[in-house]
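Undergrad: Below you'll find input.txt; it's compact mmCIF, C-alpha atoms and all ligand atoms.
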# COMPACT_ATOMS: atom_id res chain seq x y z
CA MET Y 1 -7.37 -20.23 21.08
CA SER Y 2 -6.88 -23.26 23.31
CA LYS Y 3 -7.32 -26.65 21.69
CA GLU Y 4 -8.60 -28.02 24.99
CA THR Y 5 -12.20 -27.09 25.55
CA ILE Y 6 -12.42 -26.84 29.30
CA THR Y 7 -16.03 -25.80 29.45
CA LYS Y 8 -18.75 -28.39 29.23
CA ILE Y 9 -21.03 -27.18 26.47
CA GLU Y 10 -24.26 -29.00 25.66
CA ILE Y 11 -24.54 -29.24 21.90
CA GLU Y 12 -27.74 -29.82 19.95
CA LYS Y 13 -27.00 -29.83 16.24
CA ALA Y 14 -29.41 -28.49 13.64
CA ALA Y 15 -31.19 -31.33 11.82
CA THR Y 16 -30.61 -29.65 8.46
CA SER Y 17 -28.45 -26.77 7.31
CA LYS Y 18 -29.87 -23.59 5.71
CA ILE Y 19 -26.62 -22.92 3.92
CA ASN Y 20 -27.75 -24.07 0.48
CA ASP Y 21 -30.51 -21.44 0.48
CA VAL Y 22 -28.01 -18.60 0.89
CA ASP Y 23 -26.64 -16.54 -2.00
CA PHE Y 24 -23.20 -15.70 -0.67
CA ASN Y 25 -22.60 -13.26 -3.52
CA ASN Y 26 -25.54 -11.07 -2.54
CA LEU Y 27 -25.49 -10.76 1.22
CA SER Y 28 -27.08 -7.81 2.88
CA PHE Y 29 -25.17 -7.07 6.09
CA GLY Y 30 -26.48 -8.79 9.23
CA SER Y 31 -29.66 -10.25 7.79
CA ILE Y 32 -28.84 -13.97 7.48
CA PHE Y 33 -27.64 -16.11 10.37
CA THR Y 34 -25.79 -19.41 10.56
CA ASP Y 35 -27.27 -22.74 11.65
CA HIS Y 36 -26.34 -22.50 15.34
CA MET Y 37 -26.25 -20.10 18.27
CA PHE Y 38 -24.50 -20.12 21.64
CA VAL Y 39 -26.70 -19.47 24.69
CA CYS Y 40 -25.85 -19.28 28.38
CA ASP Y 41 -28.35 -18.35 31.08
CA TYR Y 42 -27.61 -16.53 34.29
CA LYS Y 43 -29.84 -17.38 37.23
CA ASN Y 44 -29.62 -18.02 40.98
CA GLY Y 45 -26.44 -15.94 41.05
CA SER Y 46 -24.38 -17.83 38.47
CA TRP Y 47 -23.90 -18.56 34.78
CA GLN Y 48 -25.37 -21.98 33.97
CA THR Y 49 -24.07 -24.68 31.60
CA PRO Y 50 -23.64 -23.09 28.16
CA LYS Y 51 -25.43 -24.57 25.17
CA ILE Y 52 -25.11 -24.52 21.43
CA ILE Y 53 -28.49 -25.02 19.80
CA PRO Y 54 -30.01 -24.57 16.35
CA TYR Y 55 -30.54 -20.85 15.55
CA GLN Y 56 -34.02 -20.07 16.79
CA LYS Y 57 -36.37 -17.45 18.18
CA LEU Y 58 -36.33 -16.58 21.85
CA MET Y 59 -39.34 -16.79 24.10
CA LEU Y 60 -39.35 -14.06 26.70
CA ASP Y 61 -41.86 -12.63 29.11
CA PRO Y 62 -43.19 -9.29 27.79
CA SER Y 63 -42.21 -7.72 31.11
CA ALA Y 64 -38.55 -8.79 30.77
CA ARG Y 65 -36.28 -5.93 31.87
CA VAL Y 66 -34.52 -5.65 28.51
CA PHE Y 67 -37.72 -4.42 26.84
CA HIS Y 68 -38.35 -1.68 29.37
CA TYR Y 69 -35.00 -0.47 30.65
CA GLY Y 70 -32.61 -1.41 27.85
CA GLN Y 71 -30.36 -3.47 30.10
CA ALA Y 72 -28.44 -4.93 27.17
CA VAL Y 73 -24.88 -4.89 25.82
CA PHE Y 74 -23.26 -6.37 22.73
CA GLU Y 75 -20.06 -6.84 20.76
CA GLY Y 76 -19.12 -6.97 17.09
CA MET Y 77 -16.22 -9.05 15.82
CA LYS Y 78 -15.30 -11.12 12.77
CA ALA Y 79 -13.82 -14.49 11.78
CA TYR Y 80 -11.79 -14.77 8.57
CA LYS Y 81 -10.79 -17.80 6.48
CA ASP Y 82 -7.39 -18.03 4.80
CA ASP Y 83 -6.54 -19.79 1.53
CA GLU Y 84 -5.78 -23.04 3.39
CA ASP Y 85 -9.17 -23.03 5.20
CA GLY Y 86 -7.66 -21.81 8.47
CA ILE Y 87 -10.10 -19.75 10.57
CA TRP Y 88 -8.81 -16.66 12.34
CA LEU Y 89 -10.11 -14.13 14.83
CA PHE Y 90 -8.69 -10.63 15.15
CA ARG Y 91 -7.86 -9.53 18.71
CA PRO Y 92 -10.87 -11.38 20.27
CA ASP Y 93 -9.43 -10.82 23.75
CA GLU Y 94 -10.24 -7.12 23.27
CA ASN Y 95 -13.90 -7.89 22.53
CA PHE Y 96 -14.11 -10.18 25.54
CA LEU Y 97 -12.70 -7.52 27.86
CA ARG Y 98 -14.94 -4.86 26.35
CA ILE Y 99 -18.21 -6.80 26.71
CA ASN Y 100 -17.46 -7.30 30.39
CA LYS Y 101 -16.56 -3.62 30.76
CA SER Y 102 -19.90 -2.74 29.13
CA SER Y 103 -21.73 -5.28 31.32
CA LYS Y 104 -20.24 -3.90 34.52
CA ARG Y 105 -21.45 -0.39 33.67
CA LEU Y 106 -24.96 -1.70 32.99
CA ALA Y 107 -25.02 -3.74 36.25
CA ILE Y 108 -24.92 -7.02 34.30
CA PRO Y 109 -22.84 -9.87 35.77
CA GLU Y 110 -19.54 -10.38 33.92
CA PHE Y 111 -19.20 -13.46 31.72
CA PRO Y 112 -16.48 -16.09 32.38
CA GLU Y 113 -13.53 -15.98 29.97
CA GLU Y 114 -13.40 -19.73 29.30
CA TYR Y 115 -17.13 -19.86 28.51
CA PHE Y 116 -16.68 -17.05 25.99
CA PHE Y 117 -13.67 -18.51 24.17
CA ASP Y 118 -14.73 -22.16 24.33
CA GLY Y 119 -18.23 -21.22 23.20
CA LEU Y 120 -16.91 -19.15 20.31
CA ASN Y 121 -14.42 -21.82 19.26
CA THR Y 122 -17.03 -24.59 19.29
CA LEU Y 123 -19.63 -22.48 17.50
CA LEU Y 124 -17.21 -21.42 14.75
CA LYS Y 125 -16.05 -24.98 14.15
CA LEU Y 126 -19.65 -26.14 13.92
CA ASP Y 127 -20.62 -23.38 11.47
CA ASN Y 128 -17.24 -23.41 9.70
CA LYS Y 129 -18.82 -23.78 6.22
CA TRP Y 130 -20.49 -20.39 6.63
CA ILE Y 131 -17.10 -18.65 6.63
CA LYS Y 132 -16.20 -18.14 2.99
CA LYS Y 133 -12.69 -17.76 1.66
CA GLY Y 134 -11.70 -14.69 -0.30
CA PHE Y 135 -10.38 -11.28 0.68
CA GLY Y 136 -13.23 -9.29 2.17
CA ASN Y 137 -15.47 -12.25 3.04
CA SER Y 138 -15.96 -12.90 6.75
CA LEU Y 139 -18.32 -14.10 9.41
CA TYR Y 140 -19.67 -11.27 11.54
CA ILE Y 141 -19.99 -12.42 15.16
CA ARG Y 142 -22.47 -10.76 17.48
CA PRO Y 143 -22.18 -11.68 21.19
CA PHE Y 144 -24.80 -9.95 23.34
CA VAL Y 145 -26.34 -10.03 26.80
CA ILE Y 146 -29.95 -9.24 27.68
CA ALA Y 147 -31.81 -8.89 30.97
CA THR Y 148 -34.54 -11.54 30.98
CA GLU Y 149 -36.11 -11.38 34.43
CA ALA Y 150 -39.86 -10.81 34.27
CA GLY Y 151 -41.26 -7.74 36.04
CA VAL Y 152 -41.30 -4.04 35.28
CA SER Y 153 -39.60 -2.84 38.43
CA ALA Y 154 -36.82 -0.41 37.45
CA SER Y 155 -33.97 -2.37 38.97
CA PRO Y 156 -31.26 -4.68 37.62
CA SER Y 157 -32.46 -8.07 36.46
CA SER Y 158 -31.51 -11.21 38.38
CA GLU Y 159 -31.61 -13.26 35.16
CA TYR Y 160 -29.77 -12.81 31.85
CA LYS Y 161 -29.02 -14.55 28.58
CA PHE Y 162 -25.57 -14.37 26.99
CA ILE Y 163 -25.96 -15.26 23.31
CA ILE Y 164 -23.65 -15.44 20.30
CA ILE Y 165 -25.11 -15.35 16.79
CA CYS Y 166 -23.14 -15.22 13.53
CA SER Y 167 -23.90 -13.73 10.14
CA PRO Y 168 -21.91 -14.19 6.90
CA ALA Y 169 -20.61 -10.88 5.52
CA GLN Y 170 -19.10 -9.74 2.27
CA SER Y 171 -16.53 -7.07 1.71
CA TYR Y 172 -18.15 -3.96 3.12
CA TYR Y 173 -18.52 -0.97 0.91
CA GLY Y 174 -20.96 1.52 2.31
CA GLY Y 175 -20.82 3.80 -0.73
CA GLU Y 176 -19.40 7.31 -0.38
CA VAL Y 177 -19.80 8.45 3.20
CA ARG Y 178 -20.48 12.05 4.06
CA VAL Y 179 -20.70 13.06 7.70
CA LYS Y 180 -22.41 15.81 9.59
CA ILE Y 181 -20.51 17.27 12.56
CA ALA Y 182 -22.97 17.45 15.46
CA ASP Y 183 -23.72 20.93 16.78
CA HIS Y 184 -26.86 20.23 18.80
CA TYR Y 185 -27.51 16.56 19.66
CA SER Y 186 -25.08 14.48 21.71
CA ARG Y 187 -24.35 10.79 21.82
CA ALA Y 188 -22.83 10.57 25.29
CA ALA Y 189 -21.96 12.66 28.32
CA SER Y 190 -19.16 12.54 30.89
CA GLY Y 191 -20.01 10.08 33.63
CA GLY Y 192 -22.45 8.32 31.32
CA PHE Y 193 -21.96 5.09 29.39
CA GLY Y 194 -20.76 6.18 25.96
CA PHE Y 195 -17.73 3.89 26.37
CA ALA Y 196 -20.03 0.87 26.70
CA LYS Y 197 -21.41 -1.02 23.74
CA ALA Y 198 -24.86 -0.68 25.24
CA ALA Y 199 -28.01 -0.97 23.15
CA GLY Y 200 -29.35 2.42 24.28
CA ASN Y 201 -26.32 4.29 22.91
CA TYR Y 202 -27.38 3.24 19.43
CA ALA Y 203 -31.12 3.84 19.83
CA GLY Y 204 -30.33 7.40 20.93
CA GLN Y 205 -28.39 8.05 17.73
CA PHE Y 206 -31.09 6.96 15.30
CA TYR Y 207 -33.21 10.12 15.39
CA PRO Y 208 -30.39 12.70 14.96
CA THR Y 209 -28.83 10.44 12.31
CA ASN Y 210 -32.15 10.35 10.42
CA ILE Y 211 -32.15 14.16 10.42
CA ALA Y 212 -28.58 14.13 9.08
CA LYS Y 213 -29.66 11.66 6.38
CA GLU Y 214 -32.43 14.01 5.26
CA GLU Y 215 -29.71 16.64 4.88
CA GLY Y 216 -27.65 14.36 2.61
CA PHE Y 217 -25.24 12.78 5.12
CA GLN Y 218 -24.87 9.12 6.03
CA GLN Y 219 -23.43 9.50 9.53
CA VAL Y 220 -22.92 11.98 12.32
CA ILE Y 221 -19.57 12.78 13.91
CA TRP Y 222 -20.43 13.41 17.52
CA THR Y 223 -18.87 16.27 19.40
CA ASP Y 224 -18.49 16.70 23.18
CA ALA Y 225 -21.84 17.26 24.88
CA ASN Y 226 -20.67 20.30 26.87
CA THR Y 227 -19.39 22.63 24.18
CA HIS Y 228 -19.75 20.80 20.83
CA GLU Y 229 -16.25 22.10 20.10
CA TYR Y 230 -14.34 18.81 20.17
CA LEU Y 231 -14.70 15.96 17.70
CA GLU Y 232 -15.30 12.55 19.29
CA GLU Y 233 -16.55 9.60 17.21
CA ALA Y 234 -19.03 8.63 14.51
CA GLY Y 235 -22.09 6.32 14.63
CA THR Y 236 -20.22 3.02 14.67
CA MET Y 237 -16.69 4.23 14.00
CA ASN Y 238 -13.85 6.08 15.67
CA VAL Y 239 -12.54 8.93 13.52
CA PHE Y 240 -9.14 9.99 12.21
CA PHE Y 241 -8.12 13.24 10.52
CA ARG Y 242 -5.06 13.54 8.32
CA ILE Y 243 -3.75 17.05 8.66
CA GLY Y 244 -0.66 17.57 6.56
CA ASP Y 245 1.16 14.27 6.95
CA LYS Y 246 0.01 13.60 10.51
CA LEU Y 247 -2.92 11.46 11.63
CA VAL Y 248 -4.88 12.93 14.52
CA THR Y 249 -7.50 11.14 16.60
CA CYS Y 250 -9.05 12.04 19.92
CA PRO Y 251 -8.19 10.19 23.14
CA ILE Y 252 -10.53 7.58 24.56
CA SER Y 253 -12.76 8.77 27.40
CA ASP Y 254 -15.89 7.58 29.19
CA ARG Y 255 -17.89 9.07 26.29
CA ILE Y 256 -16.14 7.14 23.51
CA LEU Y 257 -16.03 3.48 22.51
CA ASP Y 258 -12.49 2.15 22.78
CA GLY Y 259 -12.43 0.68 19.25
CA VAL Y 260 -10.31 -2.38 18.55
CA THR Y 261 -9.76 -1.10 15.00
CA ARG Y 262 -8.79 2.36 16.32
CA LYS Y 263 -6.04 0.82 18.46
CA SER Y 264 -4.88 -1.30 15.54
CA VAL Y 265 -4.87 1.71 13.17
CA ILE Y 266 -2.72 3.71 15.59
CA THR Y 267 -0.21 0.85 15.96
CA MET Y 268 -0.16 0.08 12.24
CA ALA Y 269 0.20 3.73 11.20
CA LYS Y 270 3.22 4.13 13.47
CA ASP Y 271 4.65 0.92 12.03
CA LEU Y 272 4.23 2.41 8.55
CA ASN Y 273 6.15 5.49 9.74
CA ILE Y 274 3.07 7.68 9.78
CA GLU Y 275 3.08 10.18 12.61
CA VAL Y 276 0.03 9.82 14.88
CA GLU Y 277 -1.17 12.33 17.44
CA VAL Y 278 -3.73 11.21 20.02
CA ARG Y 279 -5.09 14.45 21.42
CA PRO Y 280 -8.29 16.45 21.66
CA ILE Y 281 -9.18 17.82 18.25
CA LYS Y 282 -11.33 20.88 17.77
CA VAL Y 283 -13.94 21.32 15.04
CA ALA Y 284 -12.32 24.74 14.46
CA GLU Y 285 -8.94 23.12 13.75
CA VAL Y 286 -10.43 20.81 11.11
CA LEU Y 287 -12.36 23.68 9.48
CA GLU Y 288 -9.18 25.77 9.38
CA ALA Y 289 -7.12 22.85 7.96
CA ASN Y 290 -9.81 22.37 5.32
CA LYS Y 291 -9.64 26.06 4.44
CA ASN Y 292 -5.87 26.18 4.15
CA GLY Y 293 -5.65 22.89 2.23
CA THR Y 294 -3.87 20.82 4.89
CA LEU Y 295 -6.89 18.58 5.65
CA LYS Y 296 -6.11 15.66 3.36
CA GLU Y 297 -8.26 12.79 4.65
CA ILE Y 298 -10.93 11.91 7.17
CA PHE Y 299 -11.73 8.28 7.83
CA GLY Y 300 -13.64 6.14 10.29
CA SER Y 301 -12.33 2.92 11.83
CA GLY Y 302 -14.44 -0.04 12.90
CA THR Y 303 -14.86 -3.80 12.61
CA ALA Y 304 -17.38 -3.63 9.74
CA ALA Y 305 -15.14 -2.00 7.13
CA VAL Y 306 -11.78 -1.69 8.97
CA ILE Y 307 -11.48 1.80 7.49
CA ASN Y 308 -14.21 3.84 5.84
CA PRO Y 309 -12.93 6.88 3.93
CA ILE Y 310 -15.10 9.97 4.31
CA ALA Y 311 -15.78 11.86 1.10
CA GLY Y 312 -17.21 15.04 2.57
CA PHE Y 313 -18.52 16.70 5.69
CA GLY Y 314 -20.90 19.35 6.87
CA TYR Y 315 -21.15 21.69 9.82
CA LYS Y 316 -23.87 24.18 10.75
CA GLY Y 317 -25.40 24.18 7.28
CA ASP Y 318 -22.16 24.35 5.26
CA LYS Y 319 -20.85 21.39 3.26
CA TRP Y 320 -17.38 20.55 1.96
CA GLU Y 321 -15.96 17.80 -0.23
CA LEU Y 322 -12.54 16.34 0.46
CA PRO Y 323 -10.13 16.07 -2.47
CA LYS Y 324 -9.44 12.59 -3.86
CA ILE Y 325 -5.81 11.88 -3.10
CA GLU Y 326 -3.04 9.56 -4.19
CA ASN Y 327 -1.10 7.82 -1.46
CA SER Y 328 -4.08 7.66 0.90
CA TYR Y 329 -3.24 6.69 4.45
CA ALA Y 330 -6.68 5.08 4.77
CA LYS Y 331 -5.94 2.66 1.93
CA LYS Y 332 -2.42 1.83 3.08
CA ILE Y 333 -3.41 1.13 6.69
CA LYS Y 334 -6.53 -0.82 5.71
CA GLU Y 335 -4.56 -3.14 3.43
CA ALA Y 336 -1.90 -3.74 6.06
CA ILE Y 337 -4.49 -4.65 8.70
CA MET Y 338 -6.49 -6.86 6.32
CA ASP Y 339 -3.33 -8.74 5.33
CA ILE Y 340 -2.95 -9.69 8.98
CA GLN Y 341 -6.63 -10.58 9.38
CA TYR Y 342 -6.54 -12.92 6.35
CA ASN Y 343 -3.21 -14.54 7.28
CA LYS Y 344 -1.48 -13.01 4.26
CA ALA Y 345 1.20 -11.16 6.21
CA GLU Y 346 3.39 -11.73 9.22
CA ASP Y 347 1.56 -10.84 12.44
CA LYS Y 348 4.24 -9.14 14.43
CA PHE Y 349 1.80 -7.67 16.91
CA GLY Y 350 0.22 -11.04 17.83
CA TRP Y 351 -3.28 -9.92 16.81
CA ARG Y 352 -4.38 -13.01 14.88
CA ILE Y 353 -5.79 -15.98 16.84
CA LYS Y 354 -6.42 -19.33 15.18
CA VAL Y 355 -9.66 -21.21 15.76
CA ASP Y 356 -8.81 -24.90 16.06
C1 LIG K 401 -19.82 3.81 18.73
C2 LIG K 401 -18.74 3.02 18.09
N1 LIG K 401 -17.51 3.57 17.97
C3 LIG K 401 -16.48 2.88 17.42
C4 LIG K 401 -16.65 1.60 16.94
C5 LIG K 401 -15.50 0.85 16.38
O1 LIG K 401 -15.09 -0.18 17.27
P1 LIG K 401 -14.36 -1.48 16.75
O2 LIG K 401 -13.16 -1.01 16.01
O3 LIG K 401 -14.00 -2.22 18.00
O4 LIG K 401 -15.31 -2.20 15.88
C6 LIG K 401 -17.93 1.01 17.01
C7 LIG K 401 -18.15 -0.33 16.43
O5 LIG K 401 -18.09 -1.31 17.08
C8 LIG K 401 -18.97 1.72 17.61
O6 LIG K 401 -20.19 1.16 17.72
Can you dump the structure from the file as structure tokens?
Ligand SMILES: Cc1ncc(COP(=O)(O)O)c(C=O)c1O

TA:
Amino acid sequence: MSKETITKIEIEKAATSKINDVDFNNLSFGSIFTDHMFVCDYKNGSWQTPKIIPYQKLMLDPSARVFHYGQAVFEGMKAYKDDEDGIWLFRPDENFLRINKSSKRLAIPEFPEEYFFDGLNTLLKLDNKWIKKGFGNSLYIRPFVIATEAGVSASPSSEYKFIIICSPAQSYYGGEVRVKIADHYSRAASGGFGFAKAAGNYAGQFYPTNIAKEEGFQQVIWTDANTHEYLEEAGTMNVFFRIGDKLVTCPISDRILDGVTRKSVITMAKDLNIEVEVRPIKVAEVLEANKNGTLKEIFGSGTAAVINPIAGFGYKGDKWELPKIENSYAKKIKEAIMDIQYNKAEDKFGWRIKVD
């Protein structure tokens, strides 16, 4: 990231830090936030001077558009600290491009690039102590935009807030994950906004996911809304299937979030001489591969855990467990990506960006 901060950011530092009250060995994901937040308001047709202020509650009119029409988008990214106290971001340019892609689809004005990177850089330096060293520790960064104009007319807001908040995170282990393959509910439809990281995409998943939880699963793998024959993505992860010695994942479309980790997994797998096929993948193909013993692994990819191995899956009332295997692709690829994130390995793809 540029050393020169070109954006004028008004900074109000917190009078005291909350950091000494935090037990960094017992963090529950996304529940504790750092001392500061970045805020930039949009009004009168332009983004105003950005600010960094002590982390605090927002005051909004109850009729603000975000509460009624869900005009809101967000991102999820992480900062990592290496053994020499260097702070690194992983492909942040991808998150910047994606939040603006999401914004455009939700009729939210796009955010200027220099505001985003200068804001992030300044915020991370200010809250630097909240990023703990150690493989697996990180700072989860949540940029988001909400529609703040008062008034319940169903039309795009003329006022917004772009905010960045940060939450310390430990190595993520979600326990054994079992997934249900959707055969009735859908997450997204063609022409819709499944590709956007829009708040409503997540709200719509909660109810069907709760049903899956009652049936003993932790997540749903969504299938295409038309036929439910093709596998698409999971709750907050893209999905990969290892069939024989090939990795298969479906192509990106307007129904699927273009995951930064997914892209990185594809590149890294190829670099590790693992064959990758990006093509539509049918539920029937996975069921058949499971039956004939060629389905060796299923895993999800996403910022939270990099890769989350899937222990078992269910479809239309049947359940299967996947065998535990040696030489797991999930493990190999995850380690290779994490070594880049934590500045432990050469970064030949240029993914790692220093905060300084
Ligand atoms: C719906 C969905 N799919 C996939 C992903 C994975 O994306 P990324 O690798 O950029 O975190 C996420 C998480 O952000 C998600 O919410």

Undergrad: Give the residues close to ligand LIG 401 (chain K), within 6 Å, counting all atoms listed in the file; write them as a count of residues only.

TA: 13

Undergrad: Of the candidates Y:Glu84, Y:Glu321, Y:Asp35, Y:Asp21, which shows the shortest atom-to-atom distance to Leu124 of chain Y, using all atoms listed in the file?

TA: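 Checking each of Y:Glu84, Y:Glu321, Y:Asp35, Y:Asp21 against Leu124 of chain Y, counting all atoms listed in the file, the winner is Y:Asp35.
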
Undergrad: Y:Tyr185, Y:Phe135, Y:Trp88, Y:Phe240: which is nearest Gly204 of chain Y, counting all atoms listed in the file?

TA: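 Of Y:Tyr185, Y:Phe135, Y:Trp88, Y:Phe240, the one nearest Gly204 of chain Y is Y:Tyr185, counting all atoms listed in the file.
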
Undergrad: Please identify all polymer residues within 12 Å of Ser28 of chain Y, counting only C-alpha atoms, omitting same-chain residues fewer than 5 positions from it, and present them as JSON, numbers by chain.

TA: {"Y": [22, 23, 33, 140, 167, 168, 169, 170, 171, 172, 173, 174]}

Undergrad: Please measure the separation of atom CA of Ser17 of chain Y and atom CA of Leu139 of chain Y, giving the value in Å to one decimal.

TA: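 Atom CA of Leu139 of chain Y lies 16.4 Å from atom CA of Ser17 of chain Y.
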
Undergrad: As an exercise, work out the distance from atom CA of Glu229 of chain Y to atom CA of Lys282 of chain Y in Å and give it to one decimal place.

TA: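 Computed distance, atom CA of Glu229 of chain Y to atom CA of Lys282 of chain Y, equals 5.6 Å.
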
Undergrad: May I ask for the distance between atom CA of Lys101 of chain Y and atom CA of Pro280 of chain Y, given in Å to one decimal place?

TA: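 If I compute the distance from atom CA of Lys101 of chain Y to atom CA of Pro280 of chain Y, I get 23.5 Å.
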
Undergrad: Determine the nearest neighbour of Asn292 of chain Y from the options Y:Gly244, Y:Pro50, Y:Pro62, Y:Gly350, counting only C-alpha atoms.

TA: Y:Gly244
